[in-house]
Structure formats: C-alpha cells, structure tokens
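See structure below.
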Amino acid sequence: MDRVVNNPNYHNDKERVNDLLVLLLAGHDTTAYSLAWILKELAMHPQEQAKLRSELLNASVEERYNLKALQNVIKEGMRLNPVAALGGIRTSSKDIILEATGKYPYTVIPKGSMIFFSMMSILQNPLYFENPDDFIPSRWENPSDDAVVAFLPFLTGPRNCVGQSLANAEMRTVLSHFCANYEFTIENEGSNTFFLTYKPRNCLLVANRITSLE
C-alpha cells in the first residue's frame, strides 16, 4: 500500500484510492472464501490435515510461512475450489491456430475474437490432473509441466490478479497459525453456491484447540 500511496505516477488521490480499493477487494473477500474452502477440505480429509500439522509443528514459527507442505495444501485447495470459477475473457491480439488433435479438427480463432475460458474446467481437467476431483496436496510435490501451466487461479500475464501477493500472504499466515493450533472437524458440509464467486454455503466446522503443542 505504501507503494501506491507514495507512487508519483498517480495524477491524484482519487486514482490511488481506486487502486487501493481494487487491491483490498481482490485480496480479502476472495481470500476469505479460499480459506473457507481449504479448511473445509482439510476437515474432510483428516489425514492430510494431520500431515500438514506435523510439518508445521516440526518447523519454527518463522519457517512455517514458507513450508512446501503448506503451499501444496493451498494450491490444491484453490485448484479444487477456485473462487473465480468462471475464469476470464480475453480478446485475441492475433490469429490463433490450433492444430488438429484426436477428435478436435484444425481450428483458427481470428484476431479480435472474444475468448472465454472456465477456470473450473481447466483446474479439474483430467488431461492435466490425475484424479482431478480428489483433494491430493502431494500432487504438487512433482507436478507435470501441463499441471503447472494449467494452474491459473490468479490468471496470468500482465492482467493477472492484482491482489494475488496479498492473498497468498494472508492464506499462508492464517493457515499456518490455524492448522498448527487447532484441529478442524466437519459438522455440516453445507452446499456449494456461485454468484460472482464460488463459495461454500451453510458449512459448519468445529475447531478444537490443541493443548499438547510441541
């Protein structure tokens, strides 16, 4: 935020406020839903939750933030339940040629075409992810090149999510603390709902404080 406030390239404070509002919205509201999804998945998969907790407790508080196990859980939670499930729309800046492969014919997408892509269909595509409907954080230990390229919860390129750095920082901080100190169980799975964002509805978790911390 200091970089926005002190950036001389803004013409006035109104421009600064607009960008700060975008940053806060992109890095808070959607992050809260991502955290809810990840905690729900961990509650539904107690073995994965116990594995993550063991890694956290065997690391110092300073080391927990950058643990690979924590990053894997976050990535898998976002892959399985992308908050921006509809993806995005882009206008092609040039003709795009898709070679014929299998049942798909040779295709040309003309320059200027509006291209819509579904985040959910990409992140749960069996062409890129084995057992795509399952919560498997370990898949990110040694992911395929296709999986790495297909992981686009924040989109990519110069117009990617402006709040992704803040979102990642928040998720790592909150989850490292919660999962090291609390055990989560699921009382009610609730349902999934979508309006602008994909989020759990009426899901109820129970958090039990872990008293025998190492």
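Residue names in the structure tokens use chain letters A, B, ... in the order shown, residue numbers from 1 in each chain, and ligand numbers from 1 in the order shown.
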Near stretch 150-155 of chain A, 12 Å: stretch 6-108 of chain A residue rows, closest pairs, only C-alpha atoms, as a tab-separated table:
```
residue	atom	partner	partner_atom	distance
A:Ala26	CA	A:Phe154	CA	10.0
A:Gly27	CA	A:Phe154	CA	10.9
A:Thr30	CA	A:Phe154	CA	10.8
A:Thr31	CA	A:Phe154	CA	11.3
A:Ser34	CA	A:Pro153	CA	10.5
A:Ile74	CA	A:Pro153	CA	11.2
A:Lys75	CA	A:Phe151	CA	8.4
A:Glu76	CA	A:Phe151	CA	9.7
A:Gly77	CA	A:Pro153	CA	10.5
A:Met78	CA	A:Pro153	CA	6.8
A:Arg79	CA	A:Phe151	CA	7.0
A:Leu80	CA	A:Pro153	CA	10.2
A:Asn81	CA	A:Pro153	CA	9.5
A:Pro82	CA	A:Pro153	CA	6.3
A:Val83	CA	A:Pro153	CA	8.0
A:Ala84	CA	A:Pro153	CA	7.1
A:Ala85	CA	A:Pro153	CA	8.5
A:Leu86	CA	A:Pro153	CA	10.4
A:Gly87	CA	A:Leu155	CA	7.8
A:Gly88	CA	A:Leu155	CA	7.9
A:Ile89	CA	A:Leu155	CA	10.5
A:Arg90	CA	A:Leu155	CA	10.9
```
Could the residues in this selection be written to a file with all heavy atoms, as a short mmCIF file (atom, residue, chain, number, x, y, z; two decimals), in the first residue's frame?
```cif
data_model
loop_
_atom_site.label_atom_id
_atom_site.label_comp_id
_atom_site.auth_asym_id
_atom_site.auth_seq_id
_atom_site.Cartn_x
_atom_site.Cartn_y
_atom_site.Cartn_z
N ALA A 26 -9.72 -7.55 -4.04
CA ALA A 26 -9.14 -8.74 -4.65
C ALA A 26 -8.38 -9.59 -3.65
O ALA A 26 -8.28 -10.81 -3.81
CB ALA A 26 -8.20 -8.33 -5.80
N GLY A 27 -7.85 -8.96 -2.60
CA GLY A 27 -7.03 -9.70 -1.66
C GLY A 27 -7.71 -10.08 -0.36
O GLY A 27 -7.10 -10.73 0.48
N THR A 30 -12.22 -12.53 -1.72
CA THR A 30 -11.96 -13.82 -2.37
C THR A 30 -11.05 -14.70 -1.53
O THR A 30 -11.18 -15.93 -1.53
CB THR A 30 -11.33 -13.59 -3.76
OG1 THR A 30 -10.21 -12.72 -3.62
CG2 THR A 30 -12.33 -12.97 -4.72
N THR A 31 -10.12 -14.08 -0.82
CA THR A 31 -9.21 -14.86 0.03
C THR A 31 -9.97 -15.53 1.16
O THR A 31 -9.67 -16.67 1.54
CB THR A 31 -8.12 -13.94 0.62
OG1 THR A 31 -7.45 -13.28 -0.45
CG2 THR A 31 -7.12 -14.74 1.42
N SER A 34 -11.45 -18.60 -0.21
CA SER A 34 -10.41 -19.61 -0.44
C SER A 34 -10.02 -20.28 0.87
O SER A 34 -9.86 -21.50 0.93
CB SER A 34 -9.17 -18.97 -1.09
OG SER A 34 -9.45 -18.55 -2.41
N ILE A 74 -2.48 -25.21 -0.01
CA ILE A 74 -3.14 -24.02 -0.54
C ILE A 74 -3.40 -24.18 -2.04
O ILE A 74 -4.51 -23.90 -2.52
CB ILE A 74 -2.28 -22.77 -0.27
CG1 ILE A 74 -2.26 -22.47 1.24
CG2 ILE A 74 -2.82 -21.56 -1.04
CD1 ILE A 74 -1.32 -21.35 1.63
N LYS A 75 -2.42 -24.63 -2.78
CA LYS A 75 -2.58 -24.80 -4.22
C LYS A 75 -3.66 -25.82 -4.54
O LYS A 75 -4.49 -25.61 -5.44
CB LYS A 75 -1.25 -25.22 -4.87
CG LYS A 75 -0.19 -24.13 -4.84
CD LYS A 75 1.10 -24.56 -5.54
CE LYS A 75 0.93 -24.56 -7.04
NZ LYS A 75 2.21 -24.76 -7.74
N GLU A 76 -3.68 -26.93 -3.80
CA GLU A 76 -4.67 -27.97 -4.08
C GLU A 76 -6.07 -27.50 -3.71
O GLU A 76 -7.03 -27.79 -4.42
CB GLU A 76 -4.32 -29.25 -3.31
CG GLU A 76 -5.24 -30.41 -3.60
CD GLU A 76 -5.15 -30.94 -5.03
OE1 GLU A 76 -4.44 -30.32 -5.87
OE2 GLU A 76 -5.79 -31.95 -5.31
N GLY A 77 -6.19 -26.75 -2.62
CA GLY A 77 -7.49 -26.21 -2.26
C GLY A 77 -8.02 -25.23 -3.29
O GLY A 77 -9.21 -25.23 -3.62
N MET A 78 -7.13 -24.40 -3.82
CA MET A 78 -7.53 -23.44 -4.85
C MET A 78 -7.80 -24.13 -6.19
O MET A 78 -8.62 -23.66 -6.98
CB MET A 78 -6.46 -22.37 -5.00
CG MET A 78 -6.25 -21.51 -3.77
SD MET A 78 -5.04 -20.20 -4.02
CE MET A 78 -5.96 -19.13 -5.11
N ARG A 79 -7.09 -25.21 -6.46
CA ARG A 79 -7.34 -25.95 -7.70
C ARG A 79 -8.70 -26.60 -7.68
O ARG A 79 -9.47 -26.53 -8.65
CB ARG A 79 -6.27 -27.04 -7.89
CG ARG A 79 -6.43 -27.84 -9.19
CD ARG A 79 -5.67 -29.14 -9.16
NE ARG A 79 -6.23 -30.09 -8.21
CZ ARG A 79 -7.30 -30.85 -8.46
NH1 ARG A 79 -7.95 -30.77 -9.61
NH2 ARG A 79 -7.73 -31.69 -7.54
N LEU A 80 -9.03 -27.23 -6.56
CA LEU A 80 -10.28 -27.98 -6.46
C LEU A 80 -11.49 -27.06 -6.32
O LEU A 80 -12.59 -27.39 -6.79
CB LEU A 80 -10.21 -28.93 -5.27
CG LEU A 80 -11.17 -30.11 -5.22
CD1 LEU A 80 -11.03 -30.97 -6.48
CD2 LEU A 80 -10.92 -30.94 -3.98
N ASN A 81 -11.29 -25.90 -5.70
CA ASN A 81 -12.40 -24.98 -5.46
C ASN A 81 -12.00 -23.55 -5.83
O ASN A 81 -11.81 -22.71 -4.94
CB ASN A 81 -12.83 -25.04 -3.99
CG ASN A 81 -13.23 -26.43 -3.56
OD1 ASN A 81 -14.28 -26.93 -3.94
ND2 ASN A 81 -12.39 -27.09 -2.77
N PRO A 82 -11.84 -23.26 -7.10
CA PRO A 82 -11.43 -21.91 -7.50
C PRO A 82 -12.54 -20.90 -7.24
O PRO A 82 -13.66 -21.06 -7.72
CB PRO A 82 -11.14 -22.06 -8.99
CG PRO A 82 -12.01 -23.20 -9.43
CD PRO A 82 -12.06 -24.15 -8.27
N VAL A 83 -12.23 -19.87 -6.47
CA VAL A 83 -13.24 -18.87 -6.15
C VAL A 83 -13.72 -18.15 -7.41
O VAL A 83 -14.91 -17.90 -7.58
CB VAL A 83 -12.68 -17.87 -5.11
CG1 VAL A 83 -13.65 -16.72 -4.88
CG2 VAL A 83 -12.39 -18.59 -3.79
N ALA A 84 -12.79 -17.84 -8.30
CA ALA A 84 -13.15 -17.23 -9.59
C ALA A 84 -13.41 -18.36 -10.60
O ALA A 84 -12.68 -18.52 -11.59
CB ALA A 84 -12.04 -16.32 -10.08
N ALA A 85 -14.45 -19.13 -10.35
CA ALA A 85 -14.68 -20.37 -11.10
C ALA A 85 -14.96 -20.14 -12.58
O ALA A 85 -14.65 -21.00 -13.42
CB ALA A 85 -15.84 -21.14 -10.47
N LEU A 86 -15.54 -18.98 -12.91
CA LEU A 86 -15.88 -18.73 -14.32
C LEU A 86 -14.65 -18.40 -15.16
O LEU A 86 -14.69 -18.47 -16.37
CB LEU A 86 -16.90 -17.61 -14.43
CG LEU A 86 -18.35 -17.98 -14.19
CD1 LEU A 86 -19.24 -16.77 -14.42
CD2 LEU A 86 -18.78 -19.13 -15.09
N GLY A 87 -13.55 -18.03 -14.52
CA GLY A 87 -12.34 -17.72 -15.29
C GLY A 87 -12.33 -16.29 -15.77
O GLY A 87 -12.56 -15.36 -15.01
N GLY A 88 -12.08 -16.11 -17.05
CA GLY A 88 -11.98 -14.77 -17.58
C GLY A 88 -12.25 -14.71 -19.06
O GLY A 88 -12.50 -15.72 -19.72
N ILE A 89 -12.20 -13.51 -19.59
CA ILE A 89 -12.45 -13.25 -21.02
C ILE A 89 -11.29 -12.41 -21.55
O ILE A 89 -10.88 -11.44 -20.91
CB ILE A 89 -13.78 -12.51 -21.24
CG1 ILE A 89 -14.95 -13.36 -20.71
CG2 ILE A 89 -13.98 -12.22 -22.73
CD1 ILE A 89 -16.28 -12.65 -20.78
N ARG A 90 -10.78 -12.80 -22.68
CA ARG A 90 -9.69 -12.06 -23.32
C ARG A 90 -10.02 -11.88 -24.81
O ARG A 90 -10.72 -12.70 -25.41
CB ARG A 90 -8.36 -12.80 -23.18
CG ARG A 90 -7.85 -12.92 -21.75
CD ARG A 90 -7.39 -11.57 -21.23
NE ARG A 90 -6.74 -11.69 -19.93
CZ ARG A 90 -7.39 -11.57 -18.78
NH1 ARG A 90 -8.70 -11.38 -18.77
NH2 ARG A 90 -6.73 -11.66 -17.63
#
```
**Study point:** Residues flagged strand (DSSP E) by DSSP in stretch 6-163 of chain A, as an MDAnalysis selection string
**Key:** chainID A and resid 88:91 96:98 107:109 114:117
The selected residues should be written to file as an mmCIF file, in the first residue's frame (atoms: C-alpha atoms).
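Contents of selection-v9.cif, freshly written:
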```cif
data_model
loop_
_atom_site.group_PDB
_atom_site.id
_atom_site.type_symbol
_atom_site.label_atom_id
_atom_site.label_comp_id
_atom_site.auth_asym_id
_atom_site.auth_seq_id
_atom_site.Cartn_x
_atom_site.Cartn_y
_atom_site.Cartn_z
ATOM 1 C CA GLY A 88 -11.983 -14.767 -17.583
ATOM 2 C CA ILE A 89 -12.447 -13.247 -21.019
ATOM 3 C CA ARG A 90 -9.694 -12.059 -23.321
ATOM 4 C CA THR A 91 -9.606 -10.596 -26.832
ATOM 5 C CA ILE A 96 -4.631 -18.336 -33.126
ATOM 6 C CA ILE A 97 -4.105 -21.618 -34.957
ATOM 7 C CA LEU A 98 -4.975 -24.869 -33.191
ATOM 8 C CA THR A 107 -9.237 -24.583 -35.930
ATOM 9 C CA VAL A 108 -8.464 -20.904 -36.455
ATOM 10 C CA ILE A 109 -9.537 -18.322 -33.880
ATOM 11 C CA MET A 114 -13.575 -12.777 -27.554
ATOM 12 C CA ILE A 115 -12.227 -15.893 -25.821
ATOM 13 C CA PHE A 116 -13.903 -17.185 -22.675
ATOM 14 C CA PHE A 117 -12.292 -19.868 -20.547
#
```
Review point. As a PyMOL selection string, which residues of chain A does DSSP assign to helix (DSSP H, G or I)?
Key: chain A and resi 2-5+13-44+46-57+61-64+68-80+119-123+137-140+145-150+164-181
Practice item. Fewer than 6 positions away in the same chain doesn't count, so skip those; otherwise give me all residues within 10 Å of A:Leu24, counting only C-alpha atoms, as a ChimeraX atom specification. Key: /A:1,30,162-163,166-167
Export of prior selection with all heavy atoms as a compact mmCIF listing (two decimals), in the first residue's frame:
```txt
# COMPACT_ATOMS: atom_id res chain seq x y z
N MET A 1 0.82 -1.20 0.00
CA MET A 1 0.00 0.00 0.00
C MET A 1 0.86 1.26 0.00
O MET A 1 0.49 2.27 -0.60
CB MET A 1 -0.93 -0.01 1.21
CG MET A 1 -2.01 -1.08 1.16
SD MET A 1 -3.19 -0.95 2.51
CE MET A 1 -4.23 -2.36 2.12
N THR A 30 -12.22 -12.53 -1.72
CA THR A 30 -11.96 -13.82 -2.37
C THR A 30 -11.05 -14.70 -1.53
O THR A 30 -11.18 -15.93 -1.53
CB THR A 30 -11.33 -13.59 -3.76
OG1 THR A 30 -10.21 -12.72 -3.62
CG2 THR A 30 -12.33 -12.97 -4.72
N VAL A 162 -4.36 -8.51 -9.37
CA VAL A 162 -3.51 -7.52 -8.71
C VAL A 162 -3.35 -7.84 -7.23
O VAL A 162 -2.40 -7.40 -6.58
CB VAL A 162 -4.09 -6.10 -8.90
CG1 VAL A 162 -5.41 -5.94 -8.16
CG2 VAL A 162 -3.10 -5.03 -8.47
N GLY A 163 -4.28 -8.62 -6.67
CA GLY A 163 -4.23 -8.90 -5.24
C GLY A 163 -3.62 -10.23 -4.87
O GLY A 163 -3.69 -10.63 -3.71
N LEU A 166 -0.95 -10.31 -1.93
CA LEU A 166 -1.61 -10.11 -0.65
C LEU A 166 -2.41 -11.34 -0.26
O LEU A 166 -2.38 -11.78 0.90
CB LEU A 166 -2.52 -8.88 -0.71
CG LEU A 166 -3.33 -8.56 0.55
CD1 LEU A 166 -2.41 -8.33 1.74
CD2 LEU A 166 -4.23 -7.35 0.31
N ALA A 167 -3.12 -11.93 -1.23
CA ALA A 167 -3.93 -13.12 -0.95
C ALA A 167 -3.06 -14.28 -0.47
O ALA A 167 -3.39 -14.97 0.50
CB ALA A 167 -4.71 -13.52 -2.21
```
Review point. What does the distance between atom CA of A:Pro105 and atom CA of A:Leu127 come to in Å, to one decimal place?
Key: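 Atom-to-atom, atom CA of A:Pro105 and atom CA of A:Leu127 are spaced 17.8 Å apart.
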Review point. Which residues come within 10 Å of A:Met44, counting only C-alpha atoms, excluding same-chain residues fewer than 5 positions away, as a ChimeraX atom specification?
Key: /A:38-39,49,135,184-187,189,205
Point to revise | Residues within 12 Å of A:Ala169, only C-alpha atoms, excluding chain neighbours under 2 positions, as JSON, numbers by chain | key: {"A": [27, 28, 31, 35, 65, 66, 70, 71, 74, 163, 164, 165, 166, 167, 171, 172, 173, 174, 175, 176]}
Restricted to N, CA, C and O atoms, what would the selected residues look like written as a PDB file, in the first residue's frame?
```pdb
ATOM      1  N   GLY A  27      -7.848  -8.964  -2.599  1.00  0.00           N
ATOM      2  CA  GLY A  27      -7.026  -9.700  -1.657  1.00  0.00           C
ATOM      3  C   GLY A  27      -7.706 -10.080  -0.364  1.00  0.00           C
ATOM      4  O   GLY A  27      -7.104 -10.732   0.477  1.00  0.00           O
ATOM      5  N   HIS A  28      -8.967  -9.692  -0.173  1.00  0.00           N
ATOM      6  CA  HIS A  28      -9.642 -10.000   1.083  1.00  0.00           C
ATOM      7  C   HIS A  28     -10.883 -10.861   0.894  1.00  0.00           C
ATOM      8  O   HIS A  28     -10.962 -11.965   1.436  1.00  0.00           O
ATOM      9  N   THR A  31     -10.116 -14.081  -0.824  1.00  0.00           N
ATOM     10  CA  THR A  31      -9.214 -14.855   0.030  1.00  0.00           C
ATOM     11  C   THR A  31      -9.971 -15.525   1.164  1.00  0.00           C
ATOM     12  O   THR A  31      -9.669 -16.665   1.543  1.00  0.00           O
ATOM     13  N   LEU A  35      -9.869 -19.490   1.926  1.00  0.00           N
ATOM     14  CA  LEU A  35      -9.551 -20.049   3.235  1.00  0.00           C
ATOM     15  C   LEU A  35     -10.659 -20.985   3.712  1.00  0.00           C
ATOM     16  O   LEU A  35     -10.385 -22.057   4.277  1.00  0.00           O
ATOM     17  N   TYR A  65       5.779 -20.270   7.360  1.00  0.00           N
ATOM     18  CA  TYR A  65       5.203 -19.485   6.258  1.00  0.00           C
ATOM     19  C   TYR A  65       5.625 -20.018   4.889  1.00  0.00           C
ATOM     20  O   TYR A  65       4.842 -19.998   3.933  1.00  0.00           O
ATOM     21  N   ASN A  66       6.856 -20.506   4.788  1.00  0.00           N
ATOM     22  CA  ASN A  66       7.398 -20.938   3.502  1.00  0.00           C
ATOM     23  C   ASN A  66       7.444 -22.459   3.328  1.00  0.00           C
ATOM     24  O   ASN A  66       8.084 -22.954   2.398  1.00  0.00           O
ATOM     25  N   LEU A  70       2.657 -26.553   3.249  1.00  0.00           N
ATOM     26  CA  LEU A  70       1.613 -25.535   3.354  1.00  0.00           C
ATOM     27  C   LEU A  70       1.244 -25.001   1.979  1.00  0.00           C
ATOM     28  O   LEU A  70       0.059 -24.849   1.649  1.00  0.00           O
ATOM     29  N   GLN A  71       2.250 -24.737   1.167  1.00  0.00           N
ATOM     30  CA  GLN A  71       1.986 -24.245  -0.185  1.00  0.00           C
ATOM     31  C   GLN A  71       1.209 -25.272  -1.007  1.00  0.00           C
ATOM     32  O   GLN A  71       0.320 -24.910  -1.789  1.00  0.00           O
ATOM     33  N   ILE A  74      -2.483 -25.213  -0.006  1.00  0.00           N
ATOM     34  CA  ILE A  74      -3.136 -24.018  -0.542  1.00  0.00           C
ATOM     35  C   ILE A  74      -3.403 -24.177  -2.036  1.00  0.00           C
ATOM     36  O   ILE A  74      -4.512 -23.898  -2.519  1.00  0.00           O
ATOM     37  N   GLY A 163      -4.283  -8.620  -6.668  1.00  0.00           N
ATOM     38  CA  GLY A 163      -4.231  -8.898  -5.241  1.00  0.00           C
ATOM     39  C   GLY A 163      -3.617 -10.232  -4.868  1.00  0.00           C
ATOM     40  O   GLY A 163      -3.688 -10.635  -3.708  1.00  0.00           O
ATOM     41  N   GLN A 164      -2.971 -10.915  -5.835  1.00  0.00           N
ATOM     42  CA  GLN A 164      -2.515 -12.271  -5.552  1.00  0.00           C
ATOM     43  C   GLN A 164      -1.404 -12.335  -4.501  1.00  0.00           C
ATOM     44  O   GLN A 164      -1.367 -13.270  -3.697  1.00  0.00           O
ATOM     45  N   SER A 165      -0.510 -11.381  -4.480  1.00  0.00           N
ATOM     46  CA  SER A 165       0.558 -11.398  -3.479  1.00  0.00           C
ATOM     47  C   SER A 165      -0.014 -11.236  -2.075  1.00  0.00           C
ATOM     48  O   SER A 165       0.382 -11.942  -1.135  1.00  0.00           O
ATOM     49  N   LEU A 166      -0.954 -10.310  -1.934  1.00  0.00           N
ATOM     50  CA  LEU A 166      -1.610 -10.107  -0.646  1.00  0.00           C
ATOM     51  C   LEU A 166      -2.412 -11.345  -0.255  1.00  0.00           C
ATOM     52  O   LEU A 166      -2.382 -11.782   0.896  1.00  0.00           O
ATOM     53  N   ALA A 167      -3.123 -11.929  -1.226  1.00  0.00           N
ATOM     54  CA  ALA A 167      -3.931 -13.119  -0.951  1.00  0.00           C
ATOM     55  C   ALA A 167      -3.065 -14.280  -0.475  1.00  0.00           C
ATOM     56  O   ALA A 167      -3.394 -14.968   0.501  1.00  0.00           O
ATOM     57  N   MET A 171      -3.249 -16.104   3.201  1.00  0.00           N
ATOM     58  CA  MET A 171      -3.552 -17.521   3.337  1.00  0.00           C
ATOM     59  C   MET A 171      -2.453 -18.264   4.073  1.00  0.00           C
ATOM     60  O   MET A 171      -2.716 -19.105   4.944  1.00  0.00           O
ATOM     61  N   ARG A 172      -1.207 -17.981   3.747  1.00  0.00           N
ATOM     62  CA  ARG A 172      -0.101 -18.652   4.428  1.00  0.00           C
ATOM     63  C   ARG A 172      -0.074 -18.304   5.917  1.00  0.00           C
ATOM     64  O   ARG A 172       0.144 -19.175   6.767  1.00  0.00           O
ATOM     65  N   THR A 173      -0.291 -17.035   6.224  1.00  0.00           N
ATOM     66  CA  THR A 173      -0.251 -16.597   7.623  1.00  0.00           C
ATOM     67  C   THR A 173      -1.384 -17.218   8.432  1.00  0.00           C
ATOM     68  O   THR A 173      -1.161 -17.767   9.525  1.00  0.00           O
ATOM     69  N   VAL A 174      -2.601 -17.144   7.903  1.00  0.00           N
ATOM     70  CA  VAL A 174      -3.765 -17.651   8.631  1.00  0.00           C
ATOM     71  C   VAL A 174      -3.720 -19.170   8.767  1.00  0.00           C
ATOM     72  O   VAL A 174      -3.905 -19.720   9.862  1.00  0.00           O
ATOM     73  N   LEU A 175      -3.457 -19.874   7.685  1.00  0.00           N
ATOM     74  CA  LEU A 175      -3.476 -21.338   7.723  1.00  0.00           C
ATOM     75  C   LEU A 175      -2.345 -21.906   8.575  1.00  0.00           C
ATOM     76  O   LEU A 175      -2.538 -22.907   9.276  1.00  0.00           O
ATOM     77  N   SER A 176      -1.169 -21.304   8.514  1.00  0.00           N
ATOM     78  CA  SER A 176      -0.059 -21.812   9.320  1.00  0.00           C
ATOM     79  C   SER A 176      -0.379 -21.699  10.807  1.00  0.00           C
ATOM     80  O   SER A 176      -0.025 -22.574  11.606  1.00  0.00           O
TER      81      SER A 176
END
```
Contacts of A:Phe129 within 12 Å, only C-alpha atoms, excl. fewer than 2 positions in-chain, as a compact mmCIF listing (two decimals) with N, CA, C and O atoms, in the first residue's frame:
```txt
# COMPACT_ATOMS: atom_id res chain seq x y z
N GLU A 76 -3.68 -26.93 -3.80
CA GLU A 76 -4.67 -27.97 -4.08
C GLU A 76 -6.07 -27.50 -3.71
O GLU A 76 -7.03 -27.79 -4.42
N ARG A 79 -7.09 -25.21 -6.46
CA ARG A 79 -7.34 -25.95 -7.70
C ARG A 79 -8.70 -26.60 -7.68
O ARG A 79 -9.47 -26.53 -8.65
N LEU A 80 -9.03 -27.23 -6.56
CA LEU A 80 -10.28 -27.98 -6.46
C LEU A 80 -11.49 -27.06 -6.32
O LEU A 80 -12.59 -27.39 -6.79
N SER A 121 -13.18 -25.73 -15.34
CA SER A 121 -12.96 -26.81 -16.31
C SER A 121 -11.47 -27.04 -16.56
O SER A 121 -11.05 -28.15 -16.87
N ILE A 122 -10.66 -26.01 -16.42
CA ILE A 122 -9.21 -26.15 -16.59
C ILE A 122 -8.58 -26.83 -15.38
O ILE A 122 -7.81 -27.78 -15.51
N LEU A 123 -8.93 -26.36 -14.20
CA LEU A 123 -8.30 -26.86 -12.98
C LEU A 123 -8.76 -28.26 -12.58
O LEU A 123 -8.13 -28.89 -11.74
N GLN A 124 -9.85 -28.73 -13.19
CA GLN A 124 -10.31 -30.08 -12.90
C GLN A 124 -10.35 -30.93 -14.17
O GLN A 124 -11.13 -31.87 -14.29
N ASN A 125 -9.47 -30.61 -15.09
CA ASN A 125 -9.40 -31.33 -16.36
C ASN A 125 -8.49 -32.55 -16.20
O ASN A 125 -7.32 -32.42 -15.84
N PRO A 126 -9.01 -33.76 -16.49
CA PRO A 126 -8.18 -34.97 -16.34
C PRO A 126 -7.00 -35.02 -17.30
O PRO A 126 -6.09 -35.83 -17.10
N LEU A 127 -6.98 -34.17 -18.32
CA LEU A 127 -5.83 -34.12 -19.21
C LEU A 127 -4.60 -33.55 -18.48
O LEU A 127 -3.47 -33.85 -18.84
N ASN A 131 -6.87 -37.96 -11.28
CA ASN A 131 -7.91 -37.93 -10.23
C ASN A 131 -8.26 -36.48 -9.89
O ASN A 131 -8.09 -36.03 -8.75
N PRO A 132 -8.76 -35.74 -10.87
CA PRO A 132 -8.94 -34.30 -10.69
C PRO A 132 -9.96 -33.89 -9.64
O PRO A 132 -9.92 -32.76 -9.15
N ASP A 133 -10.87 -34.80 -9.28
CA ASP A 133 -11.91 -34.45 -8.30
C ASP A 133 -11.48 -34.73 -6.86
O ASP A 133 -12.25 -34.49 -5.93
N ASP A 134 -10.27 -35.23 -6.67
CA ASP A 134 -9.79 -35.59 -5.34
C ASP A 134 -8.84 -34.54 -4.78
O ASP A 134 -8.08 -33.92 -5.52
N PHE A 135 -8.89 -34.38 -3.46
CA PHE A 135 -8.01 -33.44 -2.76
C PHE A 135 -6.70 -34.16 -2.44
O PHE A 135 -6.62 -34.96 -1.51
N ILE A 136 -5.67 -33.88 -3.25
CA ILE A 136 -4.38 -34.56 -3.12
C ILE A 136 -3.26 -33.52 -3.14
O ILE A 136 -2.67 -33.23 -4.19
N PRO A 137 -2.94 -32.91 -1.99
CA PRO A 137 -1.88 -31.89 -1.97
C PRO A 137 -0.53 -32.39 -2.46
O PRO A 137 0.26 -31.61 -3.01
N ARG A 139 0.19 -33.96 -4.99
CA ARG A 139 0.36 -33.89 -6.45
C ARG A 139 1.28 -32.73 -6.83
O ARG A 139 1.83 -32.71 -7.93
N TRP A 140 1.44 -31.76 -5.91
CA TRP A 140 2.27 -30.59 -6.20
C TRP A 140 3.71 -30.77 -5.78
O TRP A 140 4.52 -29.85 -5.90
N PRO A 143 4.85 -31.85 -9.85
CA PRO A 143 3.79 -31.72 -10.85
C PRO A 143 4.32 -31.78 -12.28
O PRO A 143 5.48 -31.45 -12.54
N SER A 144 3.47 -32.21 -13.17
CA SER A 144 3.83 -32.25 -14.59
C SER A 144 3.88 -30.82 -15.13
O SER A 144 3.33 -29.89 -14.53
N ASP A 145 4.52 -30.65 -16.28
CA ASP A 145 4.56 -29.33 -16.91
C ASP A 145 3.16 -28.84 -17.24
O ASP A 145 2.86 -27.65 -17.11
N ASP A 146 2.29 -29.77 -17.69
CA ASP A 146 0.92 -29.39 -18.02
C ASP A 146 0.17 -28.89 -16.79
O ASP A 146 -0.60 -27.92 -16.87
N ALA A 147 0.40 -29.55 -15.66
CA ALA A 147 -0.28 -29.13 -14.43
C ALA A 147 0.17 -27.74 -14.00
O ALA A 147 -0.65 -26.92 -13.56
N VAL A 148 1.45 -27.48 -14.12
CA VAL A 148 1.99 -26.17 -13.74
C VAL A 148 1.39 -25.07 -14.61
O VAL A 148 0.97 -24.01 -14.11
N VAL A 149 1.32 -25.32 -15.92
CA VAL A 149 0.78 -24.33 -16.85
C VAL A 149 -0.73 -24.14 -16.64
O VAL A 149 -1.25 -23.03 -16.75
N ALA A 150 -1.43 -25.23 -16.29
CA ALA A 150 -2.88 -25.17 -16.14
C ALA A 150 -3.33 -24.53 -14.83
O ALA A 150 -4.49 -24.16 -14.68
N PHE A 151 -2.41 -24.39 -13.88
CA PHE A 151 -2.78 -23.81 -12.58
C PHE A 151 -2.84 -22.29 -12.72
O PHE A 151 -1.83 -21.60 -12.64
```
**Study point:** Length of the atom CA of A:Ser54 to atom CA of A:Leu67 vector [Å]
**Key:** 11.5 Å
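The shortest atom-to-atom distance to A:Asn72, with only C-alpha atoms taken into account, belongs to A:Asn142 out of A:Ser92, A:Asn160, A:Thr193, A:Asn142.
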Review point. For A:Ala69, which residue out of A:Cys203, A:Val22, A:Cys179, A:Leu196 is the nearest one, using only C-alpha atoms?
Key: A:Cys179
Review point. Could you name the residues that touch A:Asn202 at 9 Å or less, counting only C-alpha atoms, but leaving out those on the same chain fewer than 5 positions away, as a PyMOL selection string?
Key: chain A and resi 188-192
Would you save the residues from that selection as an mmCIF file, in the first residue's frame, using N, CA and C atoms?
```cif
data_model
loop_
_atom_site.group_PDB
_atom_site.id
_atom_site.type_symbol
_atom_site.label_atom_id
_atom_site.label_comp_id
_atom_site.auth_asym_id
_atom_site.auth_seq_id
_atom_site.Cartn_x
_atom_site.Cartn_y
_atom_site.Cartn_z
ATOM 1 N N ASN A 188 -21.206 -29.988 9.355
ATOM 2 C CA ASN A 188 -22.187 -29.940 8.269
ATOM 3 C C ASN A 188 -21.470 -29.486 6.999
ATOM 4 N N GLU A 189 -21.512 -30.311 5.965
ATOM 5 C CA GLU A 189 -20.820 -29.966 4.714
ATOM 6 C C GLU A 189 -21.478 -28.803 3.989
ATOM 7 N N GLY A 190 -22.756 -28.565 4.261
ATOM 8 C CA GLY A 190 -23.454 -27.482 3.584
ATOM 9 C C GLY A 190 -23.576 -27.733 2.087
ATOM 10 N N SER A 191 -23.580 -26.676 1.313
ATOM 11 C CA SER A 191 -23.701 -26.781 -0.140
ATOM 12 C C SER A 191 -22.768 -25.785 -0.806
ATOM 13 N N ASN A 192 -22.625 -25.912 -2.108
ATOM 14 C CA ASN A 192 -21.780 -25.003 -2.881
ATOM 15 C C ASN A 192 -22.676 -24.024 -3.638
#
```
